[in-house]
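Visitor: I'm passing along query.csv; it holds CSV, C-alpha atoms.
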```
chain,number,residue,atom,x,y,z
A,874,MET,CA,-103.7,-25.6,-52.3
A,875,CYS,CA,-105.3,-23.2,-49.9
A,876,LYS,CA,-103.5,-23.3,-46.5
A,877,ASP,CA,-106.7,-22.4,-44.7
A,878,CYS,CA,-109.2,-24.9,-45.9
A,879,GLY,CA,-107.1,-27.3,-48.0
A,880,CYS,CA,-109.1,-26.7,-51.1
A,881,ASP,CA,-107.5,-26.4,-54.5
A,882,HIS,CA,-108.5,-22.8,-55.1
A,883,VAL,CA,-106.1,-19.9,-55.0
A,884,HIS,CA,-108.0,-17.4,-53.0
A,885,SER,CA,-105.6,-14.6,-53.6
A,886,ASP,CA,-107.0,-13.8,-57.0
A,887,PRO,CA,-108.9,-10.6,-56.6
A,888,ALA,CA,-111.1,-11.2,-59.6
A,889,PRO,CA,-111.8,-14.9,-60.4
A,890,GLY,CA,-111.3,-15.5,-64.1
A,891,HIS,CA,-109.1,-12.5,-64.5
A,892,HIS,CA,-105.5,-13.8,-64.3
A,893,HIS,CA,-102.6,-11.4,-64.3
A,894,ASP,CA,-99.4,-12.4,-65.9
A,895,HIS,CA,-98.1,-8.9,-66.0
A,896,GLU,CA,-97.6,-6.1,-63.6
A,897,HIS,CA,-100.3,-3.4,-63.0
A,898,PRO,CA,-98.5,-0.3,-61.8
A,899,HIS,CA,-100.9,2.2,-60.2
A,900,ASP,CA,-100.1,5.9,-59.9
A,901,HIS,CA,-103.5,7.0,-58.7
A,902,ASP,CA,-105.3,6.6,-55.4
A,903,HIS,CA,-108.3,4.4,-55.0
A,904,GLY,CA,-110.0,2.5,-52.2
A,905,ALA,CA,-109.4,-1.0,-53.3
A,906,THR,CA,-107.0,-3.3,-51.5
A,907,GLY,CA,-106.3,-6.7,-52.9
A,908,LEU,CA,-103.9,-8.9,-54.6
A,909,THR,CA,-102.4,-8.8,-58.0
A,910,ARG,CA,-100.7,-11.7,-59.8
A,911,ARG,CA,-97.5,-11.3,-61.7
A,912,THR,CA,-95.0,-13.8,-63.3
A,913,VAL,CA,-91.4,-13.5,-62.5
A,914,GLU,CA,-89.3,-14.9,-65.4
A,915,LEU,CA,-86.2,-16.5,-64.1
A,916,GLU,CA,-84.6,-19.0,-66.4
A,917,ARG,CA,-82.2,-19.8,-63.5
A,918,LYS,CA,-80.6,-23.1,-62.8
A,919,VAL,CA,-82.4,-25.0,-60.0
A,920,LEU,CA,-79.1,-26.0,-58.6
A,921,ALA,CA,-77.7,-22.5,-59.1
A,922,GLN,CA,-76.3,-22.3,-55.6
A,923,ASN,CA,-74.4,-25.6,-55.9
A,924,ASP,CA,-73.2,-24.6,-59.4
A,925,GLU,CA,-71.9,-21.3,-58.2
A,926,GLN,CA,-69.9,-23.0,-55.5
A,927,ALA,CA,-68.7,-25.6,-58.0
A,928,ALA,CA,-67.4,-22.7,-60.2
A,929,ILE,CA,-65.5,-21.4,-57.2
A,930,ASN,CA,-64.1,-24.9,-56.5
A,931,ARG,CA,-63.1,-25.2,-60.2
A,932,ALA,CA,-61.3,-21.8,-60.2
A,933,TRP,CA,-59.6,-22.7,-56.9
A,934,LEU,CA,-58.4,-26.0,-58.4
A,935,ALA,CA,-57.1,-24.3,-61.5
A,936,ASP,CA,-55.3,-21.7,-59.5
A,937,HIS,CA,-53.6,-24.4,-57.5
A,938,GLY,CA,-52.8,-26.6,-60.5
A,939,VAL,CA,-54.8,-29.5,-59.3
A,940,VAL,CA,-56.6,-32.0,-61.5
A,941,ALA,CA,-59.7,-33.3,-59.7
A,942,ILE,CA,-61.5,-36.5,-60.6
A,943,ASN,CA,-65.0,-37.2,-59.4
A,944,LEU,CA,-65.2,-41.0,-59.1
A,945,ILE,CA,-68.8,-42.2,-59.3
A,946,SER,CA,-70.2,-45.7,-59.3
A,947,SER,CA,-72.7,-48.0,-57.6
A,948,PRO,CA,-71.8,-49.3,-54.2
A,949,GLY,CA,-69.4,-52.2,-54.4
A,950,SER,CA,-68.0,-51.6,-57.8
A,951,GLY,CA,-64.5,-51.2,-56.3
A,952,LYS,CA,-63.9,-47.5,-56.0
A,953,THR,CA,-62.0,-47.6,-52.7
A,954,TYR,CA,-60.1,-50.7,-53.7
A,955,LEU,CA,-59.0,-49.1,-57.0
A,956,LEU,CA,-58.0,-46.0,-55.1
A,957,GLU,CA,-55.9,-48.0,-52.6
A,958,ARG,CA,-54.0,-49.6,-55.4
A,959,THR,CA,-53.8,-46.4,-57.3
A,960,LEU,CA,-52.4,-44.4,-54.4
A,961,GLU,CA,-49.8,-47.1,-53.7
A,962,ARG,CA,-48.6,-46.9,-57.3
A,963,LEU,CA,-48.6,-43.1,-57.4
A,964,SER,CA,-46.9,-42.7,-54.1
A,965,GLY,CA,-43.7,-40.7,-54.4
A,966,ARG,CA,-44.4,-39.9,-58.0
A,967,VAL,CA,-47.6,-37.8,-58.0
A,968,SER,CA,-48.8,-35.9,-54.9
A,969,CYS,CA,-52.4,-36.9,-54.3
A,970,GLY,CA,-55.3,-35.9,-52.2
A,971,VAL,CA,-58.5,-37.8,-51.5
A,972,ILE,CA,-62.0,-36.7,-50.4
A,973,THR,CA,-64.2,-39.7,-49.8
A,974,GLY,CA,-67.9,-39.6,-49.3
A,975,ASP,CA,-70.2,-42.0,-47.6
A,976,GLN,CA,-73.5,-41.7,-45.7
A,977,ARG,CA,-71.9,-43.0,-42.6
A,978,THR,CA,-68.5,-44.1,-41.2
A,979,ASP,CA,-64.9,-43.1,-42.0
A,980,ASN,CA,-64.0,-46.7,-43.0
A,981,ASP,CA,-63.0,-45.6,-46.5
A,982,ALA,CA,-60.8,-42.8,-45.2
A,983,ARG,CA,-59.1,-45.2,-42.8
A,984,ARG,CA,-58.5,-47.7,-45.6
A,985,LEU,CA,-56.9,-45.0,-47.7
A,986,GLN,CA,-54.6,-43.6,-45.0
A,987,GLY,CA,-50.9,-44.3,-45.0
A,988,LYS,CA,-50.5,-44.4,-48.8
A,989,GLY,CA,-48.9,-41.0,-49.2
A,990,ALA,CA,-52.0,-39.0,-49.8
A,991,VAL,CA,-54.0,-36.5,-47.7
A,992,VAL,CA,-57.3,-38.1,-47.0
A,993,ARG,CA,-60.5,-36.6,-45.7
A,994,GLN,CA,-63.9,-38.2,-45.2
A,995,ILE,CA,-67.2,-36.5,-45.7
A,996,GLU,CA,-70.2,-38.2,-43.9
A,997,THR,CA,-73.2,-37.1,-45.9
A,998,LEU,CA,-75.7,-38.6,-43.4
A,999,SER,CA,-79.1,-38.3,-45.1
A,1000,ALA,CA,-77.7,-37.1,-48.5
A,1001,CYS,CA,-77.1,-39.6,-51.3
A,1002,HIS,CA,-74.4,-37.5,-53.0
A,1003,LEU,CA,-71.6,-35.0,-52.3
A,1004,ASP,CA,-72.3,-31.4,-53.0
A,1005,ALA,CA,-70.0,-28.5,-54.0
A,1006,GLY,CA,-70.2,-26.8,-50.7
A,1007,ARG,CA,-68.9,-29.7,-48.6
A,1008,VAL,CA,-66.2,-30.4,-51.1
A,1009,GLY,CA,-65.2,-26.8,-51.3
A,1010,SER,CA,-64.7,-26.4,-47.6
A,1011,LEU,CA,-62.1,-29.3,-47.6
A,1012,LEU,CA,-60.1,-28.2,-50.6
A,1013,PRO,CA,-57.5,-26.1,-48.9
A,1014,GLU,CA,-56.5,-28.8,-46.4
A,1015,VAL,CA,-56.8,-31.8,-48.8
A,1016,ALA,CA,-55.6,-30.2,-52.1
A,1017,GLY,CA,-53.3,-27.4,-51.0
A,1018,ALA,CA,-49.6,-27.8,-50.4
A,1019,GLY,CA,-48.5,-29.1,-53.8
A,1020,VAL,CA,-51.2,-31.7,-54.4
A,1021,LYS,CA,-51.5,-32.3,-58.1
A,1022,LEU,CA,-54.2,-34.9,-58.3
A,1023,LEU,CA,-57.3,-35.0,-56.2
A,1024,PHE,CA,-59.6,-38.0,-56.2
A,1025,ILE,CA,-63.2,-37.3,-55.0
A,1026,GLU,CA,-64.8,-40.6,-54.2
A,1027,ASN,CA,-68.4,-39.9,-54.3
A,1028,VAL,CA,-71.2,-41.7,-52.4
A,1029,GLY,CA,-71.8,-45.1,-54.0
A,1030,ASN,CA,-74.8,-44.3,-56.2
A,1031,LEU,CA,-75.3,-44.2,-60.0
A,1032,VAL,CA,-78.1,-41.7,-60.0
A,1033,CYS,CA,-77.8,-38.8,-57.6
A,1034,PRO,CA,-74.1,-37.8,-57.7
A,1035,ALA,CA,-74.4,-37.2,-61.5
A,1036,ALA,CA,-76.7,-34.2,-60.9
A,1037,PHE,CA,-74.3,-32.3,-58.6
A,1038,ASP,CA,-71.3,-30.6,-60.1
A,1039,LEU,CA,-68.5,-30.5,-57.5
A,1040,GLY,CA,-66.2,-28.3,-59.6
A,1041,GLU,CA,-64.2,-31.4,-60.6
A,1042,THR,CA,-62.1,-31.4,-63.7
A,1043,PHE,CA,-64.1,-34.4,-65.0
A,1044,LYS,CA,-66.1,-37.4,-63.9
A,1045,VAL,CA,-64.9,-41.0,-64.0
A,1046,ALA,CA,-67.5,-43.7,-63.8
A,1047,LEU,CA,-66.7,-47.2,-62.6
A,1048,LEU,CA,-68.6,-50.3,-63.7
A,1049,SER,CA,-67.7,-53.7,-62.4
A,1050,THR,CA,-68.1,-57.0,-64.2
A,1051,THR,CA,-70.5,-58.2,-61.5
A,1052,GLU,CA,-73.0,-55.6,-62.6
A,1053,GLY,CA,-75.1,-55.9,-65.7
A,1054,GLU,CA,-73.4,-54.8,-68.9
A,1055,ASP,CA,-76.5,-52.7,-69.7
A,1056,LYS,CA,-76.0,-50.5,-66.7
A,1057,PRO,CA,-74.9,-47.6,-68.9
A,1058,VAL,CA,-78.2,-47.5,-70.7
A,1059,LYS,CA,-80.1,-48.0,-67.4
A,1060,TYR,CA,-78.3,-45.1,-65.8
A,1061,PRO,CA,-77.6,-42.8,-68.7
A,1062,ALA,CA,-77.3,-39.5,-66.7
A,1063,LEU,CA,-73.9,-40.6,-65.3
A,1064,PHE,CA,-72.5,-42.5,-68.2
A,1065,SER,CA,-73.3,-39.7,-70.7
A,1066,GLN,CA,-71.4,-37.2,-68.5
A,1067,ALA,CA,-68.3,-39.3,-67.7
A,1068,PRO,CA,-65.7,-39.0,-70.4
A,1069,VAL,CA,-63.8,-41.9,-68.8
A,1070,VAL,CA,-65.2,-45.2,-67.7
A,1071,VAL,CA,-63.2,-47.8,-65.8
A,1072,LEU,CA,-64.4,-51.4,-66.1
A,1073,THR,CA,-63.3,-53.0,-62.8
A,1074,LYS,CA,-63.0,-56.6,-61.5
A,1075,MET,CA,-62.0,-57.8,-65.0
A,1076,ASP,CA,-60.3,-60.9,-63.3
A,1077,LEU,CA,-63.8,-62.2,-62.6
A,1078,MET,CA,-64.9,-62.2,-66.2
A,1079,PRO,CA,-64.1,-65.9,-66.8
A,1080,HIS,CA,-66.6,-66.8,-64.1
A,1081,LEU,CA,-69.4,-64.6,-65.3
A,1082,ASP,CA,-71.8,-64.4,-68.2
A,1083,TRP,CA,-70.7,-60.8,-68.6
A,1084,ASP,CA,-70.2,-59.7,-72.2
A,1085,LEU,CA,-67.4,-57.1,-72.6
A,1086,SER,CA,-68.3,-56.2,-76.2
A,1087,LYS,CA,-72.0,-55.7,-75.3
A,1088,CYS,CA,-70.9,-53.5,-72.4
A,1089,ARG,CA,-68.7,-51.4,-74.6
A,1090,ALA,CA,-71.5,-51.0,-77.2
A,1091,HIS,CA,-73.9,-49.9,-74.5
A,1092,LEU,CA,-71.4,-47.4,-73.2
A,1093,ARG,CA,-70.8,-46.0,-76.7
A,1094,SER,CA,-74.5,-45.8,-77.4
A,1095,ILE,CA,-74.9,-43.5,-74.4
A,1096,HIS,CA,-71.6,-41.7,-74.8
A,1097,PRO,CA,-70.0,-41.7,-78.2
A,1098,GLY,CA,-66.3,-41.1,-77.7
A,1099,VAL,CA,-66.1,-42.4,-74.1
A,1100,PHE,CA,-62.6,-43.6,-73.1
A,1101,ILE,CA,-62.7,-47.0,-71.5
A,1102,PHE,CA,-60.1,-48.7,-69.2
A,1103,GLU,CA,-60.4,-52.4,-68.4
A,1104,LEU,CA,-58.5,-53.5,-65.3
A,1105,SER,CA,-58.3,-55.6,-62.2
A,1106,ALA,CA,-57.0,-53.7,-59.2
A,1107,LYS,CA,-56.6,-57.1,-57.5
A,1108,THR,CA,-54.4,-58.8,-60.0
A,1109,GLY,CA,-52.9,-55.6,-61.4
A,1110,ASP,CA,-53.9,-56.3,-65.0
A,1111,GLY,CA,-54.6,-53.1,-66.8
A,1112,MET,CA,-53.4,-50.9,-63.9
A,1113,LYS,CA,-50.3,-49.8,-65.8
A,1114,ALA,CA,-52.3,-48.0,-68.5
A,1115,TRP,CA,-54.5,-46.4,-65.8
A,1116,ILE,CA,-51.6,-45.1,-63.8
A,1117,GLU,CA,-49.8,-43.8,-66.9
A,1118,TYR,CA,-52.9,-42.0,-67.9
A,1119,LEU,CA,-53.2,-40.4,-64.5
A,1120,GLU,CA,-49.5,-39.4,-64.6
A,1121,LYS,CA,-50.0,-37.8,-68.0
A,1122,LEU,CA,-53.0,-35.8,-66.7
A,1123,VAL,CA,-50.8,-34.0,-64.2
A,1124,GLY,CA,-47.6,-34.1,-66.2
B,1015,MET,CA,-83.7,-39.7,-54.3
B,1016,HIS,CA,-81.7,-36.6,-55.1
B,1017,GLU,CA,-84.9,-35.0,-56.2
B,1018,LEU,CA,-85.3,-34.0,-52.6
B,1019,SER,CA,-82.1,-32.0,-52.6
B,1020,ILE,CA,-83.1,-30.5,-55.9
B,1021,ALA,CA,-86.6,-29.6,-54.6
B,1022,MET,CA,-85.0,-28.0,-51.5
B,1023,SER,CA,-82.8,-25.9,-53.7
B,1024,LEU,CA,-85.8,-24.9,-55.7
B,1025,VAL,CA,-87.8,-24.0,-52.7
B,1026,GLU,CA,-85.0,-21.9,-51.3
B,1027,GLN,CA,-84.8,-19.9,-54.5
B,1028,VAL,CA,-88.6,-19.5,-54.6
B,1029,ALA,CA,-88.6,-18.2,-51.1
B,1030,GLN,CA,-85.9,-15.7,-52.0
B,1031,VAL,CA,-88.0,-14.4,-55.0
B,1032,ALA,CA,-91.1,-14.4,-52.9
B,1033,ARG,CA,-89.3,-12.1,-50.3
B,1034,GLU,CA,-88.0,-9.8,-53.0
B,1035,GLN,CA,-91.4,-9.5,-54.6
B,1036,LYS,CA,-93.2,-9.2,-51.2
B,1037,ALA,CA,-95.4,-12.1,-52.4
B,1038,VAL,CA,-98.4,-13.1,-50.3
B,1039,THR,CA,-98.7,-16.4,-52.0
B,1040,VAL,CA,-96.9,-18.3,-54.8
B,1041,PRO,CA,-99.6,-20.0,-56.8
B,1042,ARG,CA,-97.4,-21.5,-59.6
B,1043,ILE,CA,-93.8,-22.4,-60.3
B,1044,THR,CA,-92.7,-23.6,-63.7
B,1045,VAL,CA,-89.5,-25.6,-64.1
B,1046,THR,CA,-87.8,-26.9,-67.2
B,1047,VAL,CA,-86.4,-30.5,-67.0
B,1048,GLY,CA,-84.4,-32.0,-69.8
B,1049,GLN,CA,-84.7,-35.7,-70.6
B,1050,LEU,CA,-81.0,-36.2,-70.0
B,1051,SER,CA,-80.9,-34.3,-66.7
B,1052,GLY,CA,-81.4,-37.4,-64.6
B,1053,VAL,CA,-84.3,-35.9,-62.8
B,1054,ASP,CA,-87.6,-37.8,-62.7
B,1055,PRO,CA,-90.5,-35.3,-63.0
B,1056,ASP,CA,-92.8,-37.3,-60.7
B,1057,ALA,CA,-90.2,-37.8,-58.1
B,1058,LEU,CA,-89.5,-34.0,-58.3
B,1059,ARG,CA,-93.2,-33.2,-57.8
B,1060,GLY,CA,-93.4,-35.5,-54.8
B,1061,ALA,CA,-90.2,-34.1,-53.3
B,1062,PHE,CA,-91.3,-30.6,-54.0
B,1063,SER,CA,-94.6,-30.9,-52.0
B,1064,LEU,CA,-92.5,-32.2,-49.0
B,1065,ALA,CA,-89.8,-29.6,-49.3
B,1066,ALA,CA,-92.4,-26.7,-49.7
B,1067,GLU,CA,-94.2,-27.4,-46.5
B,1068,ASP,CA,-94.1,-24.3,-44.2
B,1069,THR,CA,-92.3,-22.2,-46.8
B,1070,ALA,CA,-93.4,-19.5,-49.2
B,1071,ALA,CA,-93.7,-22.2,-51.9
B,1072,ALA,CA,-96.3,-24.2,-49.8
B,1073,GLY,CA,-99.3,-25.1,-51.9
B,1074,ALA,CA,-97.8,-23.9,-55.2
B,1075,GLU,CA,-98.5,-25.8,-58.3
B,1076,LEU,CA,-95.3,-27.2,-59.8
B,1077,VAL,CA,-95.5,-27.2,-63.6
B,1078,VAL,CA,-92.8,-29.4,-65.2
B,1079,ASP,CA,-91.9,-28.6,-68.8
B,1080,ILE,CA,-90.0,-31.5,-70.4
B,1081,VAL,CA,-87.2,-30.7,-72.9
B,1082,GLU,CA,-86.5,-33.5,-75.4
B,1083,ALA,CA,-82.9,-34.5,-76.0
B,1084,ARG,CA,-81.5,-32.9,-79.1
B,1085,VAL,CA,-78.1,-33.5,-80.7
B,1086,ARG,CA,-76.1,-32.0,-83.5
B,1087,CYS,CA,-74.3,-34.4,-85.8
B,1088,ARG,CA,-70.6,-33.7,-86.4
B,1089,VAL,CA,-70.7,-35.7,-89.6
B,1090,CYS,CA,-73.8,-34.4,-91.5
B,1091,GLY,CA,-74.3,-31.3,-89.5
B,1092,ARG,CA,-78.0,-31.8,-88.8
B,1093,SER,CA,-79.8,-31.5,-85.6
B,1094,SER,CA,-82.2,-34.3,-84.5
B,1095,THR,CA,-84.1,-35.6,-81.5
B,1096,PRO,CA,-83.1,-39.2,-80.9
B,1097,THR,CA,-85.0,-41.2,-78.3
B,1098,ALA,CA,-83.3,-40.5,-75.0
B,1099,PRO,CA,-80.9,-41.7,-73.7
B,1100,PHE,CA,-79.5,-43.1,-77.0
B,1101,LEU,CA,-77.4,-40.3,-78.5
B,1102,HIS,CA,-77.0,-40.7,-82.2
B,1103,CYS,CA,-77.9,-38.7,-85.3
B,1104,VAL,CA,-81.4,-39.7,-86.4
B,1105,ASP,CA,-80.6,-38.8,-90.0
B,1106,CYS,CA,-77.3,-40.5,-90.7
B,1107,ARG,CA,-77.1,-42.8,-87.6
B,1108,SER,CA,-73.6,-41.4,-86.7
B,1109,THR,CA,-72.7,-41.4,-83.0
B,1110,GLU,CA,-70.4,-38.4,-83.5
B,1111,VAL,CA,-72.9,-36.0,-81.9
B,1112,GLU,CA,-72.9,-33.2,-79.5
B,1113,VAL,CA,-75.8,-32.6,-77.0
B,1114,GLU,CA,-77.6,-29.4,-77.8
B,1115,ALA,CA,-80.5,-29.7,-75.5
B,1116,GLY,CA,-81.9,-32.1,-72.9
B,1117,ARG,CA,-79.6,-31.5,-69.9
B,1118,GLU,CA,-81.6,-28.5,-68.6
B,1119,LEU,CA,-82.7,-28.2,-65.0
B,1120,LEU,CA,-84.1,-24.6,-64.8
B,1121,ILE,CA,-86.6,-22.6,-62.9
B,1122,LYS,CA,-88.4,-21.0,-65.8
B,1123,SER,CA,-90.8,-18.7,-63.9
B,1124,ILE,CA,-92.5,-18.1,-60.6
B,1125,GLU,CA,-96.0,-16.6,-60.3
B,1126,VAL,CA,-96.5,-14.4,-57.3
B,1127,ASP,CA,-99.6,-12.8,-55.8
B,1128,VAL,CA,-98.7,-9.4,-54.3
B,1129,GLU,CA,-100.7,-7.0,-52.3
B,1130,VAL,CA,-101.9,-3.9,-53.9
B,1131,GLU,CA,-101.9,-1.3,-51.2
B,1132,GLU,CA,-103.3,2.1,-52.0
B,1133,LYS,CA,-104.3,5.0,-49.9
B,1134,VAL,CA,-108.0,5.7,-49.7
B,1135,SER,CA,-108.5,9.1,-51.3
```
Please go through the file and, once you have read it, give me the structure as structure tokens.
Guide:
Amino acid sequence: MCKDCGCDHVHSDPAPGHHHDHEHPHDHDHGATGLTRRTVELERKVLAQNDEQAAINRAWLADHGVVAINLISSPGSGKTYLLERTLERLSGRVSCGVITGDQRTDNDARRLQGKGAVVRQIETLSACHLDAGRVGSLLPEVAGAGVKLLFIENVGNLVCPAAFDLGETFKVALLSTTEGEDKPVKYPALFSQAPVVVLTKMDLMPHLDWDLSKCRAHLRSIHPGVFIFELSAKTGDGMKAWIEYLEKLVG
Amino acid sequence: MHELSIAMSLVEQVAQVAREQKAVTVPRITVTVGQLSGVDPDALRGAFSLAAEDTAAAGAELVVDIVEARVRCRVCGRSSTPTAPFLHCVDCRSTEVEVEAGRELLIKSIEVDVEVEEKVS
């Protein structure tokens, strides 16, 4: 659109109907002054800047021997609760760090304090996801000094966090029994990228019309080979397998 | 609405190219968006027009090329294009597949108008 008059024409074309998709180098003098159009081929990632920082984060984590898990789910699926119980069980066994992201408040960081892990909160304000830059700036303080396992609790959102690589080792998606069992097919971007899915609030299943086998089938249709944990962080059922898995990751 | 963050990153890179090329205007930007990228083309167009305001990309036409999901089957070895987001081999129905295409989120090309300045002889 033309900035001067708001019309849809591109006024800069010197000769209407004569579009340039190549350069016209001139090595002679002439009187004409105008514009020439050329196409710059890029084939560059739109999120190149984020991805470059993610690569730096990934290298930093590898250098320091840290496994980083990017925890993603919708709000209310139990990320923070699972982390609380997980940190308690890993305390004294595996040195953990936590970066937790929310649009506002440090409520989650305060919930996760005092469980033996270094915890830092990122308030993303208007952003609906964490990005590699903000995570990278916290890595030395939260994942240095012998930390083996870093949990990055992303902003509660099934869509946006999936697009932003943080440099994590891998993504873990949470899905609670109070959500529809077809969420994996509704939000495929995340579930197709997360090699591990944790089904949470399994203790509520008897009270719900939630179909575990349907949920598993939906997950596998989006992500063949996905590894699925079923647990209740509240009752502790299924927590043992999850904790043993985490210990093996860093063992 | 992460399309806004994506659009801002796009606009930033367009501005950089426009500076390097000494562009007067940027009439057209072409991006490649895979069906599995999690980016909605319409949301991206809307976000782009907002993010481009008062930048070198203002007024540019955003062309979105969609890339279909394509998988290679580990069982029969063939490539096929299942209906996204369901990832299975169209030929043998196996779900033992690897994604070959569909996750792209690329700036393909940027058209720039640059001034031709020659001395009057």
Visitor: Got a sec to check which residues sit within 10 Å of (-76.4, -35.8, -64.3), counting all atoms listed in the file, and write them as a list in words?
Guide: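 Residues with an atom at most 10 Å from (-76.4, -35.8, -64.3): Leu1031, Val1032, Cys1033, Pro1034, Ala1035, Ala1036, Phe1037, Asp1038, Tyr1060, Pro1061, Ala1062, Leu1063, Phe1064, Ser1065, Gln1066 and Ala1067 of chain A; Leu1050, Ser1051, Gly1052, Val1053, Arg1117, Glu1118 and Leu1119 of chain B.
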Visitor: Now that the selection is made, can you save its residues with C-alpha atoms as a PDB file, in the coordinates of the input?
Guide:
```pdb
ATOM      1  CA  LEU A1031     -75.300 -44.200 -60.000  1.00  0.00           C
ATOM      2  CA  VAL A1032     -78.100 -41.700 -60.000  1.00  0.00           C
ATOM      3  CA  CYS A1033     -77.800 -38.800 -57.600  1.00  0.00           C
ATOM      4  CA  PRO A1034     -74.100 -37.800 -57.700  1.00  0.00           C
ATOM      5  CA  ALA A1035     -74.400 -37.200 -61.500  1.00  0.00           C
ATOM      6  CA  ALA A1036     -76.700 -34.200 -60.900  1.00  0.00           C
ATOM      7  CA  PHE A1037     -74.300 -32.300 -58.600  1.00  0.00           C
ATOM      8  CA  ASP A1038     -71.300 -30.600 -60.100  1.00  0.00           C
ATOM      9  CA  TYR A1060     -78.300 -45.100 -65.800  1.00  0.00           C
ATOM     10  CA  PRO A1061     -77.600 -42.800 -68.700  1.00  0.00           C
ATOM     11  CA  ALA A1062     -77.300 -39.500 -66.700  1.00  0.00           C
ATOM     12  CA  LEU A1063     -73.900 -40.600 -65.300  1.00  0.00           C
ATOM     13  CA  PHE A1064     -72.500 -42.500 -68.200  1.00  0.00           C
ATOM     14  CA  SER A1065     -73.300 -39.700 -70.700  1.00  0.00           C
ATOM     15  CA  GLN A1066     -71.400 -37.200 -68.500  1.00  0.00           C
ATOM     16  CA  ALA A1067     -68.300 -39.300 -67.700  1.00  0.00           C
TER      17      ALA A1067
ATOM     18  CA  LEU B1050     -81.000 -36.200 -70.000  1.00  0.00           C
ATOM     19  CA  SER B1051     -80.900 -34.300 -66.700  1.00  0.00           C
ATOM     20  CA  GLY B1052     -81.400 -37.400 -64.600  1.00  0.00           C
ATOM     21  CA  VAL B1053     -84.300 -35.900 -62.800  1.00  0.00           C
ATOM     22  CA  ARG B1117     -79.600 -31.500 -69.900  1.00  0.00           C
ATOM     23  CA  GLU B1118     -81.600 -28.500 -68.600  1.00  0.00           C
ATOM     24  CA  LEU B1119     -82.700 -28.200 -65.000  1.00  0.00           C
TER      25      LEU B1119
END
```
Visitor: Let me make sure I understand: among A:Thr1073, A:Gln986, A:Ser1105, A:Thr973, which one has the smallest atom-to-atom distance to Glu1026 in chain A if we use only C-alpha atoms?
Guide: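 Closest residue, counting only C-alpha atoms: A:Thr973.
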Visitor: Give me the residues near Ala1057 in chain B as an NGL selection string, where near means some atom within 12 Å (using only C-alpha atoms) and where sequence neighbours in that chain fewer than 5 positions away do not count.
Guide: :B and (1015-1021 or 1052 or 1062-1064 or 1076 or 1078)
Visitor: Tell me which of A:Ala1114, A:Val1028, A:Ala935, A:Leu1119 sits closest to Thr997 in chain A, counting all atoms listed in the file.
Guide: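 When distances to Thr997 in chain A are compared using all atoms listed in the file, the smallest one comes from A:Val1028.
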Visitor: Check every residue of chain B for an atom within 9 Å of chain A, counting only C-alpha atoms, and provide those that qualify as a short mmCIF file (atom, residue, chain, number, x, y, z; two decimals) with C-alpha atoms, in the coordinates of the input.
Guide:
```
data_model
loop_
_atom_site.label_atom_id
_atom_site.label_comp_id
_atom_site.auth_asym_id
_atom_site.auth_seq_id
_atom_site.Cartn_x
_atom_site.Cartn_y
_atom_site.Cartn_z
CA MET B 1015 -83.70 -39.70 -54.30
CA HIS B 1016 -81.70 -36.60 -55.10
CA GLU B 1017 -84.90 -35.00 -56.20
CA SER B 1019 -82.10 -32.00 -52.60
CA ILE B 1020 -83.10 -30.50 -55.90
CA ALA B 1021 -86.60 -29.60 -54.60
CA SER B 1023 -82.80 -25.90 -53.70
CA LEU B 1024 -85.80 -24.90 -55.70
CA GLN B 1027 -84.80 -19.90 -54.50
CA VAL B 1031 -88.00 -14.40 -55.00
CA GLN B 1035 -91.40 -9.50 -54.60
CA VAL B 1038 -98.40 -13.10 -50.30
CA THR B 1039 -98.70 -16.40 -52.00
CA PRO B 1041 -99.60 -20.00 -56.80
CA ARG B 1042 -97.40 -21.50 -59.60
CA VAL B 1045 -89.50 -25.60 -64.10
CA THR B 1046 -87.80 -26.90 -67.20
CA LEU B 1050 -81.00 -36.20 -70.00
CA SER B 1051 -80.90 -34.30 -66.70
CA GLY B 1052 -81.40 -37.40 -64.60
CA VAL B 1053 -84.30 -35.90 -62.80
CA ALA B 1072 -96.30 -24.20 -49.80
CA GLY B 1073 -99.30 -25.10 -51.90
CA ALA B 1074 -97.80 -23.90 -55.20
CA GLU B 1075 -98.50 -25.80 -58.30
CA ALA B 1098 -83.30 -40.50 -75.00
CA PRO B 1099 -80.90 -41.70 -73.70
CA PHE B 1100 -79.50 -43.10 -77.00
CA LEU B 1101 -77.40 -40.30 -78.50
CA HIS B 1102 -77.00 -40.70 -82.20
CA THR B 1109 -72.70 -41.40 -83.00
CA GLU B 1110 -70.40 -38.40 -83.50
CA VAL B 1111 -72.90 -36.00 -81.90
CA ARG B 1117 -79.60 -31.50 -69.90
CA GLU B 1118 -81.60 -28.50 -68.60
CA LEU B 1119 -82.70 -28.20 -65.00
CA LEU B 1120 -84.10 -24.60 -64.80
CA ILE B 1121 -86.60 -22.60 -62.90
CA LYS B 1122 -88.40 -21.00 -65.80
CA SER B 1123 -90.80 -18.70 -63.90
CA ILE B 1124 -92.50 -18.10 -60.60
CA GLU B 1125 -96.00 -16.60 -60.30
CA VAL B 1126 -96.50 -14.40 -57.30
CA ASP B 1127 -99.60 -12.80 -55.80
CA VAL B 1128 -98.70 -9.40 -54.30
CA GLU B 1129 -100.70 -7.00 -52.30
CA VAL B 1130 -101.90 -3.90 -53.90
CA GLU B 1131 -101.90 -1.30 -51.20
CA GLU B 1132 -103.30 2.10 -52.00
CA LYS B 1133 -104.30 5.00 -49.90
CA VAL B 1134 -108.00 5.70 -49.70
CA SER B 1135 -108.50 9.10 -51.30
#
```
Visitor: Suppose you want the space between CA of Gly951 in chain A and CA of Leu1048 in chain A; what is it in Å?
Guide: 8.5 Å
